[in-house]
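As provided, my_file.cif (mmCIF, C-alpha atoms) reads as follows.
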```
data_structure
loop_
_atom_site.label_atom_id
_atom_site.label_comp_id
_atom_site.auth_asym_id
_atom_site.auth_seq_id
_atom_site.Cartn_x
_atom_site.Cartn_y
_atom_site.Cartn_z
CA MET A 1 0.00 0.00 0.00
CA LYS A 2 1.32 3.38 -0.98
CA ASN A 3 2.26 5.80 1.77
CA ASP A 4 4.29 8.52 0.07
CA ALA A 5 5.64 11.94 0.97
CA SER A 6 2.61 13.82 -0.34
CA SER A 7 0.75 12.83 2.83
CA LEU A 8 3.26 14.54 5.13
CA THR A 9 4.05 18.12 6.19
CA VAL A 10 6.76 19.25 8.65
CA SER A 11 7.05 22.79 10.06
CA PHE A 12 10.23 23.96 11.80
CA HIS A 13 10.00 26.45 14.65
CA ASP A 14 13.75 26.67 15.42
CA LYS A 15 15.47 28.66 12.69
CA MET A 16 18.92 27.62 14.00
CA LEU A 17 18.52 23.98 12.96
CA SER A 18 21.08 22.83 10.40
CA ALA A 19 20.14 21.14 7.13
CA GLU A 20 21.29 17.82 8.60
CA GLU A 21 19.15 18.28 11.73
CA ARG A 22 16.13 19.11 9.59
CA ALA A 23 16.71 16.03 7.44
CA TYR A 24 16.87 13.78 10.50
CA ALA A 25 13.68 15.35 11.86
CA GLU A 26 11.87 14.70 8.57
CA GLN A 27 13.12 11.10 8.45
CA SER A 28 11.88 10.54 12.01
CA VAL A 29 8.43 11.86 11.15
CA VAL A 30 8.18 9.58 8.10
CA ALA A 31 9.12 6.60 10.29
CA MET A 32 6.56 7.64 12.90
CA ARG A 33 3.84 7.94 10.28
CA ASP A 34 4.59 4.45 9.00
CA HIS A 35 4.61 3.15 12.58
CA ALA A 36 1.14 4.63 13.17
CA VAL A 37 -0.48 2.95 10.16
CA GLU A 38 1.26 -0.44 10.32
CA PRO A 39 -1.24 -2.08 12.75
CA THR A 40 -4.20 -1.03 10.60
CA ILE A 41 -3.09 -2.38 7.21
CA LYS A 42 -3.87 -6.04 7.89
CA GLN A 43 -7.08 -5.18 9.74
CA ARG A 44 -8.27 -3.00 6.89
CA ALA A 45 -7.59 -5.72 4.32
CA GLU A 46 -9.75 -8.14 6.32
CA GLU A 47 -12.56 -5.59 6.61
CA ASP A 48 -12.40 -4.90 2.85
CA ARG A 49 -12.86 -8.59 2.08
CA ARG A 50 -15.81 -8.77 4.49
CA ASN A 51 -17.40 -5.65 2.99
CA ALA A 52 -17.09 -7.04 -0.54
CA LEU A 53 -19.12 -10.09 0.49
CA LEU A 54 -21.73 -8.03 2.32
CA GLN A 55 -22.19 -5.75 -0.70
CA LYS A 56 -23.11 -8.80 -2.78
CA ILE A 57 -25.66 -9.80 -0.14
CA ASN A 58 -27.18 -6.32 0.05
CA ALA A 59 -27.33 -5.75 -3.72
CA PRO A 60 -30.58 -7.75 -4.27
CA VAL A 61 -32.27 -5.76 -1.49
CA GLN A 62 -31.28 -2.52 -3.18
CA ARG A 63 -32.66 -3.73 -6.52
CA LEU A 64 -36.01 -4.54 -4.88
CA ILE A 65 -36.17 -1.02 -3.44
CA ASP A 66 -35.30 0.56 -6.80
CA ALA A 67 -38.10 -1.42 -8.48
CA ASP A 68 -40.76 -0.21 -6.03
CA ALA A 69 -41.76 3.46 -6.33
CA GLU A 70 -43.10 3.73 -2.78
CA ALA A 71 -40.04 2.05 -1.29
CA SER A 72 -37.74 4.25 -3.39
CA ALA A 73 -39.48 7.39 -2.13
CA ALA A 74 -39.23 6.21 1.45
CA PHE A 75 -35.56 5.40 0.97
CA ALA A 76 -34.87 8.87 -0.45
CA GLU A 77 -36.61 10.43 2.56
CA LEU A 78 -34.62 8.24 4.93
CA GLN A 79 -31.37 9.45 3.39
CA LYS A 80 -32.29 13.03 4.34
CA MET A 81 -32.80 12.16 8.03
CA SER A 82 -29.47 12.51 9.80
CA ARG A 83 -28.90 10.55 13.01
CA TYR A 84 -25.69 12.40 13.85
CA GLY A 85 -25.40 14.62 16.89
CA PRO A 86 -24.15 18.22 16.76
CA GLU A 87 -20.75 18.82 15.22
CA ASP A 88 -18.04 19.61 17.73
CA ALA A 89 -16.79 23.13 17.10
CA ALA A 90 -13.13 24.01 16.65
CA TYR A 91 -11.25 24.45 19.91
CA THR A 92 -11.90 27.90 21.40
CA GLY A 93 -10.06 27.65 24.71
CA ASP A 94 -6.85 29.35 25.78
CA ALA A 95 -4.70 27.74 23.08
CA GLY A 96 -2.63 30.88 22.67
CA SER A 97 -1.09 30.98 26.13
CA SER A 98 2.31 29.52 26.84
CA SER A 99 2.15 26.20 28.65
CA SER A 100 5.58 26.86 30.17
CA SER A 101 4.39 29.73 32.35
CA GLY A 102 4.85 28.84 36.02
CA GLN A 103 5.80 25.22 35.33
CA PRO A 104 8.78 24.05 37.41
CA MET A 105 11.50 22.10 35.65
CA PRO A 106 11.51 18.47 36.87
CA GLU A 107 14.44 17.87 39.20
CA GLN A 108 15.76 14.88 37.28
CA VAL A 109 16.44 16.90 34.11
CA ALA A 110 18.72 19.71 35.16
CA ASP A 111 20.48 19.48 31.77
CA ARG A 112 18.41 21.87 29.68
CA ALA A 113 19.92 20.47 26.45
CA TYR A 114 17.57 17.51 26.96
CA PHE A 115 14.52 19.35 28.22
CA ALA A 116 12.02 21.20 26.06
CA ARG A 117 8.98 23.35 26.67
CA PRO A 118 7.00 25.02 23.87
CA PRO A 119 7.94 26.15 21.34
CA PHE A 120 9.28 22.76 20.30
CA GLU A 121 11.74 22.44 17.41
CA TYR A 122 9.19 21.21 14.88
CA SER A 123 5.62 20.07 14.35
CA TRP A 124 4.13 17.77 11.72
CA ALA A 125 0.91 16.36 10.30
CA SER A 126 0.46 13.22 8.23
CA HIS A 127 -2.07 10.71 6.98
CA PHE A 128 -2.09 7.26 5.46
CA GLN A 129 -2.02 7.88 1.72
CA ASN A 130 -4.43 5.05 0.90
CA GLY A 131 -6.96 6.55 3.29
CA SER A 132 -8.75 9.86 3.46
CA PRO A 133 -6.89 13.05 4.46
CA PRO A 134 -7.73 14.76 7.75
CA TYR A 135 -10.70 17.11 7.78
CA ARG A 136 -8.70 19.50 9.94
CA VAL A 137 -5.29 19.76 11.63
CA GLU A 138 -4.65 22.78 13.84
CA PHE A 139 -1.73 23.89 15.96
CA GLY A 140 -1.84 26.81 18.37
CA PRO A 141 0.88 29.46 18.43
CA PRO A 142 4.31 27.78 18.72
CA ASN A 143 4.59 28.63 22.44
CA SER A 144 1.25 26.98 23.28
CA GLY A 145 2.10 23.32 22.73
CA PHE A 146 -1.47 22.85 21.52
CA GLY A 147 -2.61 20.64 18.65
CA GLN A 148 -5.77 18.99 17.42
CA LEU A 149 -6.68 16.75 14.52
CA GLU A 150 -10.07 15.76 13.17
CA GLY A 151 -11.25 13.02 10.84
CA ARG A 152 -14.63 12.51 9.15
CA THR A 153 -15.93 9.45 7.33
CA GLY A 154 -18.97 8.17 5.42
CA ASP A 155 -21.82 10.59 4.81
CA PHE A 156 -20.85 12.91 7.67
CA PRO A 157 -20.64 16.50 6.32
CA GLY A 158 -17.17 17.21 4.94
CA ALA A 159 -16.06 13.57 4.84
CA ARG A 160 -13.96 12.40 1.88
CA GLY A 161 -13.92 8.63 2.32
CA ASP A 162 -14.67 5.61 4.47
CA PHE A 163 -11.26 5.03 6.08
CA LEU A 164 -8.47 7.17 7.55
CA VAL A 165 -5.44 7.13 9.82
CA ILE A 166 -4.23 10.63 10.67
CA SER A 167 -1.53 11.86 13.04
CA ALA A 168 0.10 15.10 14.15
CA GLY A 169 2.54 16.19 16.83
CA TYR A 170 5.72 17.83 18.02
CA GLY A 171 9.36 16.82 18.31
CA MET A 172 12.84 17.75 19.51
CA GLY A 173 16.36 16.69 18.56
CA PHE A 174 19.77 16.49 20.21
CA ARG A 175 23.28 15.11 19.63
CA SER A 176 24.90 13.00 22.31
CA ASP A 177 28.53 13.29 23.40
CA VAL A 178 28.46 10.25 25.74
CA ARG A 179 27.14 6.71 25.72
CA GLN A 180 24.28 6.36 28.19
CA ILE A 181 20.61 5.47 28.64
CA ARG A 182 18.14 8.30 28.19
CA THR A 183 14.49 8.10 29.27
CA GLY A 184 11.88 10.27 27.60
CA HIS A 185 8.81 11.62 29.38
CA THR A 186 5.99 13.88 28.26
CA GLU A 187 3.45 15.72 30.40
CA PHE A 188 0.16 17.03 29.06
CA GLY A 189 -1.72 20.06 30.28
CA ARG A 190 -4.83 19.11 28.33
CA LEU A 191 -5.81 15.87 26.62
CA SER A 192 -9.34 15.37 25.30
CA HIS A 193 -11.38 13.91 22.44
CA TYR A 194 -14.80 14.05 20.80
CA PHE A 195 -16.69 11.49 18.73
CA ASN A 196 -19.93 11.64 16.74
CA LEU A 197 -20.94 8.38 15.04
CA ALA A 198 -23.96 6.70 13.46
CA ALA A 199 -24.55 3.29 11.88
CA SER A 200 -27.88 2.77 10.12
CA GLY A 201 -28.85 0.02 7.71
CA ILE A 202 -28.22 -3.64 7.08
CA ASN A 203 -24.83 -4.82 8.39
CA ALA A 204 -23.73 -1.24 9.06
CA TRP A 205 -20.99 -0.33 11.53
CA SER A 206 -18.85 2.71 12.29
CA LEU A 207 -15.57 3.01 14.23
CA ALA A 208 -13.49 5.83 15.70
CA GLU A 209 -10.50 5.65 18.05
CA GLY A 210 -7.60 7.82 19.09
CA GLY A 211 -4.51 8.02 21.23
CA VAL A 212 -0.90 9.14 21.59
CA ASP A 213 2.47 7.71 20.49
CA TRP A 214 5.99 8.60 21.60
CA CYS A 215 9.06 7.41 19.71
CA ALA A 216 12.85 7.80 19.74
CA PHE A 217 15.08 7.88 16.66
CA GLU A 218 18.80 7.58 15.94
CA ASN A 219 19.96 9.31 12.75
CA GLY A 220 16.33 9.22 11.55
CA ARG A 221 15.81 5.50 12.30
CA MET A 222 13.27 4.42 14.95
CA ILE A 223 14.97 2.69 17.90
CA ALA A 224 12.22 2.75 20.58
CA SER A 225 8.49 3.37 20.68
CA GLY A 226 5.54 3.48 23.03
CA GLY A 227 1.96 4.62 22.97
CA ARG A 228 -1.52 4.32 24.35
CA GLN A 229 -4.97 4.09 22.85
CA LEU A 230 -7.04 6.59 24.85
CA TRP A 231 -10.52 5.92 23.48
CA ARG A 232 -12.44 3.67 21.09
CA VAL A 233 -16.07 3.69 19.96
CA ARG A 234 -17.63 1.14 17.60
CA LEU A 235 -21.33 1.24 16.75
CA SER A 236 -23.46 -1.39 15.03
CA VAL A 237 -26.79 -1.38 13.22
CA GLY A 238 -29.27 1.18 14.51
CA GLU A 239 -26.91 2.96 16.90
CA SER A 240 -25.83 6.58 17.08
CA ARG A 241 -23.79 8.27 19.78
CA ASN A 242 -21.74 11.43 20.36
CA GLY A 243 -19.88 13.03 23.22
CA PRO A 244 -16.64 14.41 24.64
CA GLY A 245 -14.03 12.62 26.70
CA GLU A 246 -11.04 13.56 28.83
CA SER A 247 -7.76 11.91 29.83
CA PRO A 248 -6.84 14.08 32.84
CA ASP A 249 -3.36 14.23 34.33
CA PHE A 250 -1.91 11.85 31.76
CA ARG A 251 1.87 11.60 31.64
CA SER A 252 3.53 9.20 29.27
CA PRO A 253 5.39 6.27 30.84
CA GLY A 254 9.14 6.51 30.45
CA LEU A 255 10.63 5.39 27.13
CA SER A 256 14.28 4.36 27.55
CA PHE A 257 16.85 4.08 24.77
CA GLU A 258 20.62 4.05 24.44
CA VAL A 259 22.48 6.99 22.95
CA HIS A 260 26.02 7.05 21.53
CA PRO A 261 28.59 9.81 20.95
CA GLY A 262 28.45 11.61 17.62
CA ARG A 263 24.96 10.44 16.64
CA HIS A 264 21.82 12.52 16.27
CA TYR A 265 18.62 11.68 18.15
CA ASN A 266 15.01 12.79 17.87
CA PHE A 267 12.13 12.32 20.28
CA ASN A 268 8.65 12.75 18.81
CA LEU A 269 5.22 12.86 20.39
CA GLY A 270 2.19 12.29 18.16
CA LEU A 271 -1.60 12.30 18.42
CA TRP A 272 -3.54 9.94 16.16
CA VAL A 273 -7.08 9.19 15.07
CA ARG A 274 -8.24 6.12 13.14
CA MET A 275 -11.73 5.89 11.63
CA GLN A 276 -13.50 3.37 9.42
CA LYS A 277 -17.05 2.47 8.40
CA SER A 278 -18.74 -0.41 6.66
CA GLY A 279 -18.86 -0.15 2.89
CA SER A 280 -21.72 -2.58 2.73
CA SER A 281 -24.94 -0.69 3.42
CA PRO A 282 -26.58 2.19 1.53
CA PHE A 283 -29.42 2.47 4.05
CA GLY A 284 -29.23 5.52 6.29
CA ASN A 285 -26.33 7.34 7.93
CA CYS A 286 -23.03 5.56 8.45
CA GLY A 287 -19.77 7.25 9.42
CA GLY A 288 -18.92 10.09 11.71
CA GLN A 289 -16.48 12.53 13.25
CA GLY A 290 -13.48 11.89 15.53
CA ILE A 291 -11.25 14.52 17.19
CA GLN A 292 -8.14 14.23 19.38
CA ARG A 293 -6.75 17.30 21.18
CA ALA A 294 -3.73 17.89 23.39
CA GLN A 295 -1.66 20.58 25.02
CA ILE A 296 1.89 19.48 25.81
CA LYS A 297 3.59 21.01 28.84
CA TRP A 298 7.06 19.60 28.32
CA ILE A 299 9.21 16.83 26.89
CA SER A 300 12.20 15.62 28.95
CA LEU A 301 15.05 13.21 28.27
CA SER A 302 16.65 12.32 31.59
CA GLY A 303 19.81 10.25 31.92
#
```

Take the structure from the file and write it as structure tokens.
Amino acid sequence: MKNDASSLTVSFHDKMLSAEERAYAEQSVVAMRDHAVEPTIKQRAEEDRRNALLQKINAPVQRLIDADAEASAAFAELQKMSRYGPEDAAYTGDAGSSSSSGQPMPEQVADRAYFARPPFEYSWASHFQNGSPPYRVEFGPPNSGFGQLEGRTGDFPGARGDFLVISAGYGMGFRSDVRQIRTGHTEFGRLSHYFNLAASGINAWSLAEGGVDWCAFENGRMIASGGRQLWRVRLSVGESRNGPGESPDFRSPGLSFEVHPGRHYNFNLGLWVRMQKSGSSPFGNCGGQGIQRAQIKWISLSG
């Protein structure tokens, strides 16, 4: 499955980065994007095979509806009746304030070369090329540490497909002058999500899930990774649901990796959203909206 560079953007906030440092940052983001979509490729292939069979089962039902004027009229009316809840508006909170204000530096990371508060060195956004692009990716001002990404699928307004894996985040880089073990931590000031799904019709289903990943890279190559799925909602025939969710006081578990003199390292933190719907039913609403938001207080690399 194709997953090329056209699905990736990287923005640098530190103008002092060298061309080599920028290249390593870009390589790390590409590797992180591929890491995010890898678990979904096999699962999507299985769902595609299942959907192909269900479409053959549903086709005769659709032909019967098309041949009956009264049923066709009722079906057209049904298509106009949305079962989705209200769209979640774009974030309107205090995304412009600096998350570093008043935050003490953790005692274990006195070496500021391996400690970062916003603005981080770079931010990025990406999506799986064989899936739909994100509906929206937004970052706050560089000193805010804020980011949000939104996906939409099916017949939800603004959707452009039935499947997507999208991610976005921040990162930092450093060069080691000693051999040692470094442990990366991230603390969030705000971590929330919103979902809005419906699944109407024969064999219909709709899925949305989201979470965070944190990864370490040596000369652009991934050497350690961690992550957590924060939420997952899957609806079946006749269901519709929407609502917000929070992950308060979440701090990523430590991610340890070995560093060596003369090599360049990157530590990236990413948000992700995965969404998919059945491709098997034309009856009623199927799809939805999924949003993941975060404000990052700091990233540390203690040793």

* **Ref. answer, residues at most 10 Å from (14.0, 17.0, 24.2) with only C-alpha atoms, as a list in words** =>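 Residues with an atom at most 10 Å from (14.0, 17.0, 24.2): Arg112, Ala113, Tyr114, Phe115, Ala116, Arg117, Phe120, Glu121, Gly171, Met172, Gly173, Phe174, Gly184, His185, Thr186, Tyr265, Asn266, Phe267, Asn268, Trp298, Ile299, Ser300, Leu301 and Ser302 of chain A.
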
* Contacts of Tyr135 (chain A) at 7 Å or less, counting all atoms listed in the file, minus same-chain residues fewer than 5 places along, as a list in words? -> Glu150, Gly151 and Arg152 of chain A

* Mind giving me the straight-line distance from CA of Cys215 (chain A) to CA of His193 (chain A) in Å, one decimal? =>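 Here the two named atoms are 21.6 Å from each other.
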
* What does the PyMOL selection byres ((chain A and resi 274) around 9) select in this file, as a ChimeraX atom specification? -> /A:37,40,151,163-167,207-210,272-273,275-276,290

* To do: Write out as a VMD selection string each polymer residue whose atoms come within 12 Å of Glu239 (chain A), counting all atoms listed in the file; drop sequence neighbours fewer than 6 positions from it.
  => chain A and resid 83 to 85 196 to 207 233 284 to 288
